Amino acid sequence: MVVLLMVLSLLVGLIAGAIGGVQLFDEPQSRPLPTAAPTSDRPSPADLDESSVAGIAADVLPSTVYIRTSGAGQGGSGSGFVLREDGYVVTNHHVIAAADEVTVVLADGSQEPADVVGSTVDYDLAVLQVERTDLTPLLLGDSDGLRVGDPVVAIGAPLGLEGTVTAGIVSALNRPVSIPGEEGSSFLNAIQTDAAINPGNSGGPLVNAAGEVIGVNSAIASTAQVGSSAGSVGLGFAIPSTQVRRTAQQLIDTGQASYPIIGATLNGRYSGEGVQVLTDDADDLEAIVPDGPADDAGLEPGDVIVAINGEPVTSPDELIVKIRARAPGETITLTVREGEQERDVDVVLGERVSEQR
């Protein structure tokens with residue numbers, strides 16, 4: 001009897017629960033889902049905070065271009081930006097190096113054939129010109145004033161996706177980067193950024209919070225194996241705007257660019273501290289060029305250079321990059337180690353004209 005009562009009690013409880021459930025879960029009333037304000041109610045580009053990524057993009061995108069190239073039965077693409085209203089455009093040398101024809105696609109969708117005004121593999125920069133006089137140029141900012149941690153925005157056409165905007169910070173400054181190529185190597189005293197940069201971003205602008213160009217996106221570090229596709233891993237490199245300004249002006253004025261030299265050949269096999277000048281002439285290379293800047297300053301074959309302007313150097317590429325960040329005619333101070341002693345040597349940089357494409 002007791003068992004029967006317990007079973008009946010459980011049944012009553014289940015029934016009561018079922019009835020309660022019906023009451024608790026009545027059909028919900030229809031309610032509108034949360035919805036953002038209509039586009040017409042959002043700020044117009046003119047009302048955006050100019051330092052926001054959206055504000056920067058609104059200012060910079062109209063002056064960023066997509067570049068298509070063709071030559072030897074192949075095509076390529078890259079990015080660039082308007083340098084002057086009368087049709088001058090900046091991009092990377094490697095974007096147009098193998099091209100027979102270059103087309104610039106402007107932000108409004110119009111396409112213009114472009115002439116190569118000048119190009120230099122040494123700094124991986126090129127200036128193009130299209131027949132337009134109504135373009136809006138971007139301002140070149142002061143890359144010398146950058147600080148690690150400053151916000152930056154990269155704009156370009158990665159993988160052909162025009163008008164792509166990515167944001168990040170300045171991760172490092174004065175990063176020595178050498179880019180090997182068929183025509184020779186480019187040596188960049190680069191700005192490093194974690195803003196996503198991918199193939200196709202090359203030649204596009206890296207801008208600061210004011211929308212000023214502080215670099216030209218040029219290269220990425222990648223974990224991809226040889227022969228496979230490379231993509232962003234947060235290690236992108238841009239040519240500083242101070243270098244862009246100097247080289248682009250040379251290309252516009254003369255059609256060619258120059259770079260500074262010291263007139264010495266460095267020993268790539270040396271593994272000690274610092275950077276060594278060749279001990280002897282080799283393979284038609286002179287350790288010290290007679291009557292060149294290094295010779296005039298008193299450098300000798302076998303000298304070990306440990307610093308430039310007080311900054312340590314540990315590899316030939318690093319020294320070359322730091323020299324090429326200067327201008328011909330400037331004076332640099334090389335610290336040379338002799339045994340346990342060090343001496344400073346002042347060298348007036350010479351000049352060499354880049355080979356043309």
# chains A, B, ... in the order shown; residues from 1 in each chain; ligands from 1

call {"tool": "residues_around", "arguments": {"residues": "A:Val289", "least_positions_apart": "2", "cutoff": "9 Å", "atoms": "only C-alpha atoms", "output": "ChimeraX atom specification"}}
result
/A:262-265,285-287,291-295

call {"tool": "select_by_dssp", "arguments": {"residues": "stretch 227-312 of chain A", "states": "alpha helix (DSSP H)", "output": "list in words"}}
result
Ser241, Thr242, Gln243, Val244, Arg245, Arg246, Thr247, Ala248, Gln249, Gln250, Leu251, Ile252, Asp253, Thr254, Pro293, Ala294, Asp295, Asp296 and Ala297 of chain A

call {"tool": "write_last_selection", "arguments": {"atoms": "N, CA and C atoms", "output": "PDB file, in the first residue's frame"}}
result
ATOM      1  N   SER A 241      59.657  56.727 -45.252  1.00  0.00           N
ATOM      2  CA  SER A 241      59.273  57.823 -46.141  1.00  0.00           C
ATOM      3  C   SER A 241      60.420  58.793 -46.406  1.00  0.00           C
ATOM      4  N   THR A 242      61.375  58.929 -45.468  1.00  0.00           N
ATOM      5  CA  THR A 242      62.511  59.818 -45.726  1.00  0.00           C
ATOM      6  C   THR A 242      63.312  59.320 -46.923  1.00  0.00           C
ATOM      7  N   GLN A 243      63.458  58.001 -47.026  1.00  0.00           N
ATOM      8  CA  GLN A 243      64.153  57.427 -48.178  1.00  0.00           C
ATOM      9  C   GLN A 243      63.300  57.546 -49.435  1.00  0.00           C
ATOM     10  N   VAL A 244      62.006  57.317 -49.303  1.00  0.00           N
ATOM     11  CA  VAL A 244      61.090  57.417 -50.450  1.00  0.00           C
ATOM     12  C   VAL A 244      61.132  58.822 -51.031  1.00  0.00           C
ATOM     13  N   ARG A 245      61.095  59.819 -50.151  1.00  0.00           N
ATOM     14  CA  ARG A 245      61.097  61.215 -50.619  1.00  0.00           C
ATOM     15  C   ARG A 245      62.367  61.513 -51.423  1.00  0.00           C
ATOM     16  N   ARG A 246      63.516  61.137 -50.891  1.00  0.00           N
ATOM     17  CA  ARG A 246      64.787  61.439 -51.557  1.00  0.00           C
ATOM     18  C   ARG A 246      64.902  60.706 -52.887  1.00  0.00           C
ATOM     19  N   THR A 247      64.584  59.414 -52.892  1.00  0.00           N
ATOM     20  CA  THR A 247      64.757  58.615 -54.103  1.00  0.00           C
ATOM     21  C   THR A 247      63.715  58.961 -55.161  1.00  0.00           C
ATOM     22  N   ALA A 248      62.459  59.153 -54.752  1.00  0.00           N
ATOM     23  CA  ALA A 248      61.411  59.496 -55.725  1.00  0.00           C
ATOM     24  C   ALA A 248      61.708  60.837 -56.395  1.00  0.00           C
ATOM     25  N   GLN A 249      62.219  61.794 -55.630  1.00  0.00           N
ATOM     26  CA  GLN A 249      62.555  63.092 -56.222  1.00  0.00           C
ATOM     27  C   GLN A 249      63.668  62.948 -57.252  1.00  0.00           C
ATOM     28  N   GLN A 250      64.671  62.116 -56.947  1.00  0.00           N
ATOM     29  CA  GLN A 250      65.731  61.861 -57.915  1.00  0.00           C
ATOM     30  C   GLN A 250      65.177  61.237 -59.188  1.00  0.00           C
ATOM     31  N   LEU A 251      64.298  60.256 -59.029  1.00  0.00           N
ATOM     32  CA  LEU A 251      63.748  59.565 -60.201  1.00  0.00           C
ATOM     33  C   LEU A 251      62.923  60.516 -61.060  1.00  0.00           C
ATOM     34  N   ILE A 252      62.182  61.410 -60.427  1.00  0.00           N
ATOM     35  CA  ILE A 252      61.370  62.372 -61.185  1.00  0.00           C
ATOM     36  C   ILE A 252      62.264  63.391 -61.886  1.00  0.00           C
ATOM     37  N   ASP A 253      63.294  63.856 -61.178  1.00  0.00           N
ATOM     38  CA  ASP A 253      64.153  64.914 -61.731  1.00  0.00           C
ATOM     39  C   ASP A 253      65.091  64.404 -62.820  1.00  0.00           C
ATOM     40  N   THR A 254      65.629  63.195 -62.645  1.00  0.00           N
ATOM     41  CA  THR A 254      66.685  62.728 -63.552  1.00  0.00           C
ATOM     42  C   THR A 254      66.391  61.381 -64.212  1.00  0.00           C
ATOM     43  N   PRO A 293      86.240  56.925 -50.949  1.00  0.00           N
ATOM     44  CA  PRO A 293      85.990  57.478 -49.611  1.00  0.00           C
ATOM     45  C   PRO A 293      86.719  56.744 -48.491  1.00  0.00           C
ATOM     46  N   ALA A 294      86.705  55.410 -48.523  1.00  0.00           N
ATOM     47  CA  ALA A 294      87.376  54.643 -47.464  1.00  0.00           C
ATOM     48  C   ALA A 294      88.885  54.847 -47.526  1.00  0.00           C
ATOM     49  N   ASP A 295      89.420  54.853 -48.736  1.00  0.00           N
ATOM     50  CA  ASP A 295      90.858  55.059 -48.912  1.00  0.00           C
ATOM     51  C   ASP A 295      91.261  56.441 -48.398  1.00  0.00           C
ATOM     52  N   ASP A 296      90.483  57.446 -48.761  1.00  0.00           N
ATOM     53  CA  ASP A 296      90.789  58.811 -48.319  1.00  0.00           C
ATOM     54  C   ASP A 296      90.715  58.939 -46.793  1.00  0.00           C
ATOM     55  N   ALA A 297      89.836  58.129 -46.176  1.00  0.00           N
ATOM     56  CA  ALA A 297      89.663  58.222 -44.720  1.00  0.00           C
ATOM     57  C   ALA A 297      90.696  57.411 -43.946  1.00  0.00           C
TER      58      ALA A 297
END

call {"tool": "residues_around", "arguments": {"residues": "A:Val121", "least_positions_apart": "2", "cutoff": "12 Å", "atoms": "only C-alpha atoms", "output": "ChimeraX atom specification"}}
result
/A:91-98,118-119,123-126,178-188,218,247,256-259,353-357

call {"tool": "write_last_selection", "arguments": {"atoms": "N, CA, C and O atoms", "output": "compact mmCIF listing (two decimals), in the first residue's frame"}}
result
# COMPACT_ATOMS: atom_id res chain seq x y z
N THR A 91 55.58 53.12 -56.47
CA THR A 91 55.39 51.70 -56.17
C THR A 91 56.75 51.08 -55.93
O THR A 91 57.77 51.78 -55.85
N ASN A 92 56.81 49.76 -55.81
CA ASN A 92 58.08 49.06 -55.66
C ASN A 92 58.70 48.73 -57.02
O ASN A 92 57.98 48.47 -57.99
N HIS A 93 60.00 48.70 -57.05
CA HIS A 93 60.70 48.29 -58.27
C HIS A 93 60.31 46.86 -58.66
O HIS A 93 60.07 46.58 -59.85
N HIS A 94 60.21 45.97 -57.67
CA HIS A 94 59.95 44.57 -58.03
C HIS A 94 58.55 44.35 -58.58
O HIS A 94 58.28 43.32 -59.21
N VAL A 95 57.65 45.31 -58.38
CA VAL A 95 56.31 45.20 -58.94
C VAL A 95 56.34 45.34 -60.46
O VAL A 95 55.61 44.65 -61.17
N ILE A 96 57.22 46.22 -60.96
CA ILE A 96 57.22 46.52 -62.40
C ILE A 96 58.49 46.07 -63.10
O ILE A 96 58.66 46.31 -64.30
N ALA A 97 59.37 45.37 -62.38
CA ALA A 97 60.70 45.05 -62.92
C ALA A 97 60.64 44.26 -64.23
O ALA A 97 61.43 44.51 -65.15
N ALA A 98 59.75 43.30 -64.33
CA ALA A 98 59.70 42.43 -65.51
C ALA A 98 58.60 42.84 -66.49
O ALA A 98 58.28 42.09 -67.42
N GLY A 118 61.22 56.16 -63.71
CA GLY A 118 62.52 55.70 -63.24
C GLY A 118 62.33 54.64 -62.19
O GLY A 118 61.27 54.54 -61.55
N SER A 119 63.37 53.83 -62.00
CA SER A 119 63.24 52.71 -61.07
C SER A 119 64.62 52.34 -60.55
O SER A 119 65.62 52.47 -61.27
N TYR A 123 66.98 50.45 -53.88
CA TYR A 123 66.02 50.83 -52.84
C TYR A 123 64.64 50.24 -53.07
O TYR A 123 63.71 50.54 -52.33
N ASP A 124 64.50 49.42 -54.12
CA ASP A 124 63.22 48.79 -54.46
C ASP A 124 62.10 49.81 -54.61
O ASP A 124 61.00 49.63 -54.09
N LEU A 125 62.38 50.88 -55.33
CA LEU A 125 61.39 51.92 -55.55
C LEU A 125 61.28 52.23 -57.05
O LEU A 125 62.25 52.10 -57.80
N ALA A 126 60.07 52.62 -57.46
CA ALA A 126 59.83 53.02 -58.84
C ALA A 126 58.81 54.15 -58.84
O ALA A 126 57.93 54.22 -57.97
N SER A 178 67.53 42.74 -46.40
CA SER A 178 68.07 42.62 -47.76
C SER A 178 67.16 41.68 -48.54
O SER A 178 66.77 40.63 -48.04
N ILE A 179 66.81 42.11 -49.75
CA ILE A 179 65.88 41.35 -50.59
C ILE A 179 66.62 40.94 -51.86
O ILE A 179 66.90 41.78 -52.72
N PRO A 180 66.98 39.67 -52.00
CA PRO A 180 67.70 39.24 -53.20
C PRO A 180 66.78 39.23 -54.41
O PRO A 180 65.57 39.00 -54.30
N GLY A 181 67.35 39.49 -55.58
CA GLY A 181 66.57 39.47 -56.82
C GLY A 181 67.48 39.18 -57.99
O GLY A 181 68.71 39.16 -57.87
N GLU A 182 66.88 38.96 -59.15
CA GLU A 182 67.65 38.64 -60.35
C GLU A 182 68.56 39.78 -60.76
O GLU A 182 69.63 39.57 -61.32
N GLU A 183 68.14 41.01 -60.48
CA GLU A 183 68.93 42.17 -60.89
C GLU A 183 69.89 42.63 -59.80
O GLU A 183 70.64 43.58 -59.99
N GLY A 184 69.88 41.98 -58.66
CA GLY A 184 70.69 42.40 -57.54
C GLY A 184 69.83 42.48 -56.29
O GLY A 184 68.63 42.23 -56.32
N SER A 185 70.44 42.85 -55.19
CA SER A 185 69.73 42.90 -53.92
C SER A 185 69.29 44.32 -53.58
O SER A 185 69.97 45.30 -53.93
N SER A 186 68.14 44.41 -52.92
CA SER A 186 67.69 45.68 -52.35
C SER A 186 68.06 45.68 -50.88
O SER A 186 67.90 44.66 -50.19
N PHE A 187 68.54 46.82 -50.40
CA PHE A 187 68.92 46.93 -48.99
C PHE A 187 68.07 48.01 -48.35
O PHE A 187 68.12 49.17 -48.74
N LEU A 188 67.26 47.59 -47.36
CA LEU A 188 66.30 48.49 -46.74
C LEU A 188 66.58 48.68 -45.26
O LEU A 188 66.81 47.71 -44.54
N SER A 218 56.88 46.72 -48.61
CA SER A 218 57.78 46.12 -49.60
C SER A 218 58.04 44.64 -49.43
O SER A 218 58.28 43.94 -50.41
N THR A 247 64.58 59.41 -52.89
CA THR A 247 64.76 58.61 -54.10
C THR A 247 63.72 58.96 -55.16
O THR A 247 64.04 59.06 -56.36
N GLN A 256 66.80 58.60 -62.78
CA GLN A 256 67.65 57.60 -62.14
C GLN A 256 67.91 58.01 -60.70
O GLN A 256 67.69 59.16 -60.31
N ALA A 257 68.36 57.04 -59.92
CA ALA A 257 68.62 57.28 -58.51
C ALA A 257 70.06 56.91 -58.20
O ALA A 257 70.71 56.17 -58.94
N SER A 258 70.56 57.43 -57.10
CA SER A 258 71.91 57.10 -56.67
C SER A 258 71.88 56.64 -55.22
O SER A 258 70.88 56.80 -54.52
N TYR A 259 72.96 56.04 -54.80
CA TYR A 259 73.06 55.60 -53.41
C TYR A 259 74.49 55.83 -52.91
O TYR A 259 75.44 55.92 -53.70
N VAL A 353 75.49 55.60 -59.14
CA VAL A 353 74.18 55.63 -59.79
C VAL A 353 73.65 54.21 -59.93
O VAL A 353 74.38 53.30 -60.32
N SER A 354 72.38 54.03 -59.58
CA SER A 354 71.75 52.72 -59.71
C SER A 354 71.64 52.33 -61.17
O SER A 354 71.43 53.18 -62.05
N GLU A 355 71.76 51.03 -61.43
CA GLU A 355 71.53 50.54 -62.78
C GLU A 355 70.05 50.65 -63.10
O GLU A 355 69.19 50.43 -62.25
N GLN A 356 69.74 50.98 -64.34
CA GLN A 356 68.36 51.14 -64.75
C GLN A 356 67.78 49.82 -65.21
O GLN A 356 68.49 48.91 -65.65
N ARG A 357 66.44 49.69 -65.08
CA ARG A 357 65.76 48.46 -65.51
C ARG A 357 65.75 48.34 -67.03
O ARG A 357 65.83 49.33 -67.75

call {"tool": "residues_around", "arguments": {"residues": "A:Gly75", "least_positions_apart": "6", "cutoff": "10 Å", "atoms": "only C-alpha atoms", "output": "list in words"}}
result
Arg68, Thr69, Ala98, Ala99, Asp100, Glu101 and Val102 of chain A

call {"tool": "residues_around", "arguments": {"residues": "stretch 199-203 of chain A", "least_positions_apart": "3", "cutoff": "6 Å", "atoms": "only C-alpha atoms", "output": "list in words"}}
result
Gly78, Ser79, Gly80, Thr91, Asn92, Gly156, Ala157, Pro158, Leu159, Val216, Asn217 and Ser218 of chain A

call {"tool": "write_last_selection", "arguments": {"atoms": "all heavy atoms", "output": "PDB file, in the first residue's frame"}}
result
ATOM      1  N   GLY A  78      50.308  44.627 -58.092  1.00  0.00           N
ATOM      2  CA  GLY A  78      50.841  45.237 -56.883  1.00  0.00           C
ATOM      3  C   GLY A  78      50.027  46.457 -56.529  1.00  0.00           C
ATOM      4  O   GLY A  78      48.915  46.654 -57.037  1.00  0.00           O
ATOM      5  N   SER A  79      50.575  47.273 -55.676  1.00  0.00           N
ATOM      6  CA  SER A  79      49.878  48.457 -55.190  1.00  0.00           C
ATOM      7  C   SER A  79      50.767  49.684 -55.386  1.00  0.00           C
ATOM      8  O   SER A  79      51.931  49.577 -55.759  1.00  0.00           O
ATOM      9  CB  SER A  79      49.528  48.301 -53.711  1.00  0.00           C
ATOM     10  OG  SER A  79      48.795  47.117 -53.475  1.00  0.00           O
ATOM     11  N   GLY A  80      50.202  50.836 -55.129  1.00  0.00           N
ATOM     12  CA  GLY A  80      50.947  52.081 -55.212  1.00  0.00           C
ATOM     13  C   GLY A  80      50.100  53.207 -54.666  1.00  0.00           C
ATOM     14  O   GLY A  80      48.974  52.985 -54.189  1.00  0.00           O
ATOM     15  N   THR A  91      55.579  53.117 -56.469  1.00  0.00           N
ATOM     16  CA  THR A  91      55.386  51.698 -56.175  1.00  0.00           C
ATOM     17  C   THR A  91      56.755  51.082 -55.927  1.00  0.00           C
ATOM     18  O   THR A  91      57.767  51.783 -55.846  1.00  0.00           O
ATOM     19  CB  THR A  91      54.643  50.983 -57.326  1.00  0.00           C
ATOM     20  OG1 THR A  91      54.329  49.644 -56.924  1.00  0.00           O
ATOM     21  CG2 THR A  91      55.488  50.938 -58.586  1.00  0.00           C
ATOM     22  N   ASN A  92      56.807  49.756 -55.808  1.00  0.00           N
ATOM     23  CA  ASN A  92      58.083  49.055 -55.660  1.00  0.00           C
ATOM     24  C   ASN A  92      58.697  48.733 -57.018  1.00  0.00           C
ATOM     25  O   ASN A  92      57.981  48.472 -57.994  1.00  0.00           O
ATOM     26  CB  ASN A  92      57.900  47.733 -54.910  1.00  0.00           C
ATOM     27  CG  ASN A  92      57.722  47.906 -53.427  1.00  0.00           C
ATOM     28  OD1 ASN A  92      56.872  47.269 -52.837  1.00  0.00           O
ATOM     29  ND2 ASN A  92      58.515  48.761 -52.797  1.00  0.00           N
ATOM     30  N   GLY A 156      46.301  48.503 -49.594  1.00  0.00           N
ATOM     31  CA  GLY A 156      46.779  48.001 -50.872  1.00  0.00           C
ATOM     32  C   GLY A 156      45.849  46.968 -51.456  1.00  0.00           C
ATOM     33  O   GLY A 156      44.649  46.938 -51.135  1.00  0.00           O
ATOM     34  N   ALA A 157      46.415  46.114 -52.300  1.00  0.00           N
ATOM     35  CA  ALA A 157      45.614  45.114 -53.007  1.00  0.00           C
ATOM     36  C   ALA A 157      46.244  43.735 -52.846  1.00  0.00           C
ATOM     37  O   ALA A 157      46.732  43.146 -53.822  1.00  0.00           O
ATOM     38  CB  ALA A 157      45.489  45.483 -54.481  1.00  0.00           C
ATOM     39  N   PRO A 158      46.244  43.198 -51.635  1.00  0.00           N
ATOM     40  CA  PRO A 158      46.826  41.860 -51.446  1.00  0.00           C
ATOM     41  C   PRO A 158      46.053  40.816 -52.249  1.00  0.00           C
ATOM     42  O   PRO A 158      44.822  40.772 -52.217  1.00  0.00           O
ATOM     43  CB  PRO A 158      46.685  41.630 -49.939  1.00  0.00           C
ATOM     44  CG  PRO A 158      45.549  42.500 -49.523  1.00  0.00           C
ATOM     45  CD  PRO A 158      45.643  43.714 -50.401  1.00  0.00           C
ATOM     46  N   LEU A 159      46.798  39.992 -52.980  1.00  0.00           N
ATOM     47  CA  LEU A 159      46.200  38.946 -53.817  1.00  0.00           C
ATOM     48  C   LEU A 159      45.166  39.517 -54.778  1.00  0.00           C
ATOM     49  O   LEU A 159      44.223  38.841 -55.176  1.00  0.00           O
ATOM     50  CB  LEU A 159      45.562  37.864 -52.937  1.00  0.00           C
ATOM     51  CG  LEU A 159      46.488  37.238 -51.879  1.00  0.00           C
ATOM     52  CD1 LEU A 159      45.728  36.208 -51.058  1.00  0.00           C
ATOM     53  CD2 LEU A 159      47.715  36.620 -52.533  1.00  0.00           C
ATOM     54  N   VAL A 216      56.621  52.654 -47.504  1.00  0.00           N
ATOM     55  CA  VAL A 216      56.098  51.928 -48.659  1.00  0.00           C
ATOM     56  C   VAL A 216      56.251  50.441 -48.375  1.00  0.00           C
ATOM     57  O   VAL A 216      57.376  49.941 -48.201  1.00  0.00           O
ATOM     58  CB  VAL A 216      56.846  52.306 -49.955  1.00  0.00           C
ATOM     59  CG1 VAL A 216      56.399  51.410 -51.108  1.00  0.00           C
ATOM     60  CG2 VAL A 216      56.612  53.766 -50.305  1.00  0.00           C
ATOM     61  N   ASN A 217      55.138  49.742 -48.295  1.00  0.00           N
ATOM     62  CA  ASN A 217      55.165  48.307 -47.978  1.00  0.00           C
ATOM     63  C   ASN A 217      55.926  47.546 -49.053  1.00  0.00           C
ATOM     64  O   ASN A 217      55.635  47.689 -50.242  1.00  0.00           O
ATOM     65  CB  ASN A 217      53.733  47.778 -47.856  1.00  0.00           C
ATOM     66  CG  ASN A 217      52.960  48.505 -46.779  1.00  0.00           C
ATOM     67  OD1 ASN A 217      53.467  48.740 -45.695  1.00  0.00           O
ATOM     68  ND2 ASN A 217      51.723  48.877 -47.083  1.00  0.00           N
ATOM     69  N   SER A 218      56.882  46.721 -48.615  1.00  0.00           N
ATOM     70  CA  SER A 218      57.784  46.125 -49.596  1.00  0.00           C
ATOM     71  C   SER A 218      58.039  44.642 -49.433  1.00  0.00           C
ATOM     72  O   SER A 218      58.277  43.940 -50.409  1.00  0.00           O
ATOM     73  CB  SER A 218      59.148  46.842 -49.562  1.00  0.00           C
ATOM     74  OG  SER A 218      58.995  48.192 -49.886  1.00  0.00           O
TER      75      SER A 218
END

call {"tool": "residues_around", "arguments": {"residues": "A:Pro176", "least_positions_apart": "5", "cutoff": "8 Å", "atoms": "only C-alpha atoms", "output": "ChimeraX atom specification"}}
result
/A:187-190,317-318,321-322

call {"tool": "write_last_selection", "arguments": {"atoms": "N, CA and C atoms", "output": "short mmCIF file (atom, residue, chain, number, x, y, z; two decimals), in the first residue's frame"}}
result
data_model
loop_
_atom_site.label_atom_id
_atom_site.label_comp_id
_atom_site.auth_asym_id
_atom_site.auth_seq_id
_atom_site.Cartn_x
_atom_site.Cartn_y
_atom_site.Cartn_z
N PHE A 187 68.54 46.82 -50.40
CA PHE A 187 68.92 46.93 -48.99
C PHE A 187 68.07 48.01 -48.35
N LEU A 188 67.26 47.59 -47.36
CA LEU A 188 66.30 48.49 -46.74
C LEU A 188 66.58 48.68 -45.26
N ASN A 189 66.57 49.92 -44.83
CA ASN A 189 66.61 50.23 -43.40
C ASN A 189 65.15 50.34 -42.97
N ALA A 190 64.51 49.20 -42.77
CA ALA A 190 63.06 49.11 -42.83
C ALA A 190 62.34 49.42 -41.53
N ASP A 317 75.41 42.99 -44.38
CA ASP A 317 74.13 43.55 -44.81
C ASP A 317 73.70 44.70 -43.89
N GLU A 318 73.90 44.52 -42.59
CA GLU A 318 73.49 45.55 -41.64
C GLU A 318 74.28 46.85 -41.87
N VAL A 321 73.04 48.48 -45.14
CA VAL A 321 71.73 49.11 -44.94
C VAL A 321 71.88 50.45 -44.24
N LYS A 322 72.70 50.49 -43.21
CA LYS A 322 72.87 51.74 -42.45
C LYS A 322 73.57 52.81 -43.28
#

call {"tool": "atom_distance", "arguments": {"atom1": "atom CA of A:Leu33", "atom2": "atom CA of A:Ser52"}}
result
28.7 Å

call {"tool": "closest_residue", "arguments": {"among": "A:Thr331, A:Asn198, A:Thr279, A:Ser143", "to": "A:Asn174", "atoms": "only C-alpha atoms"}}
result
A:Ser143
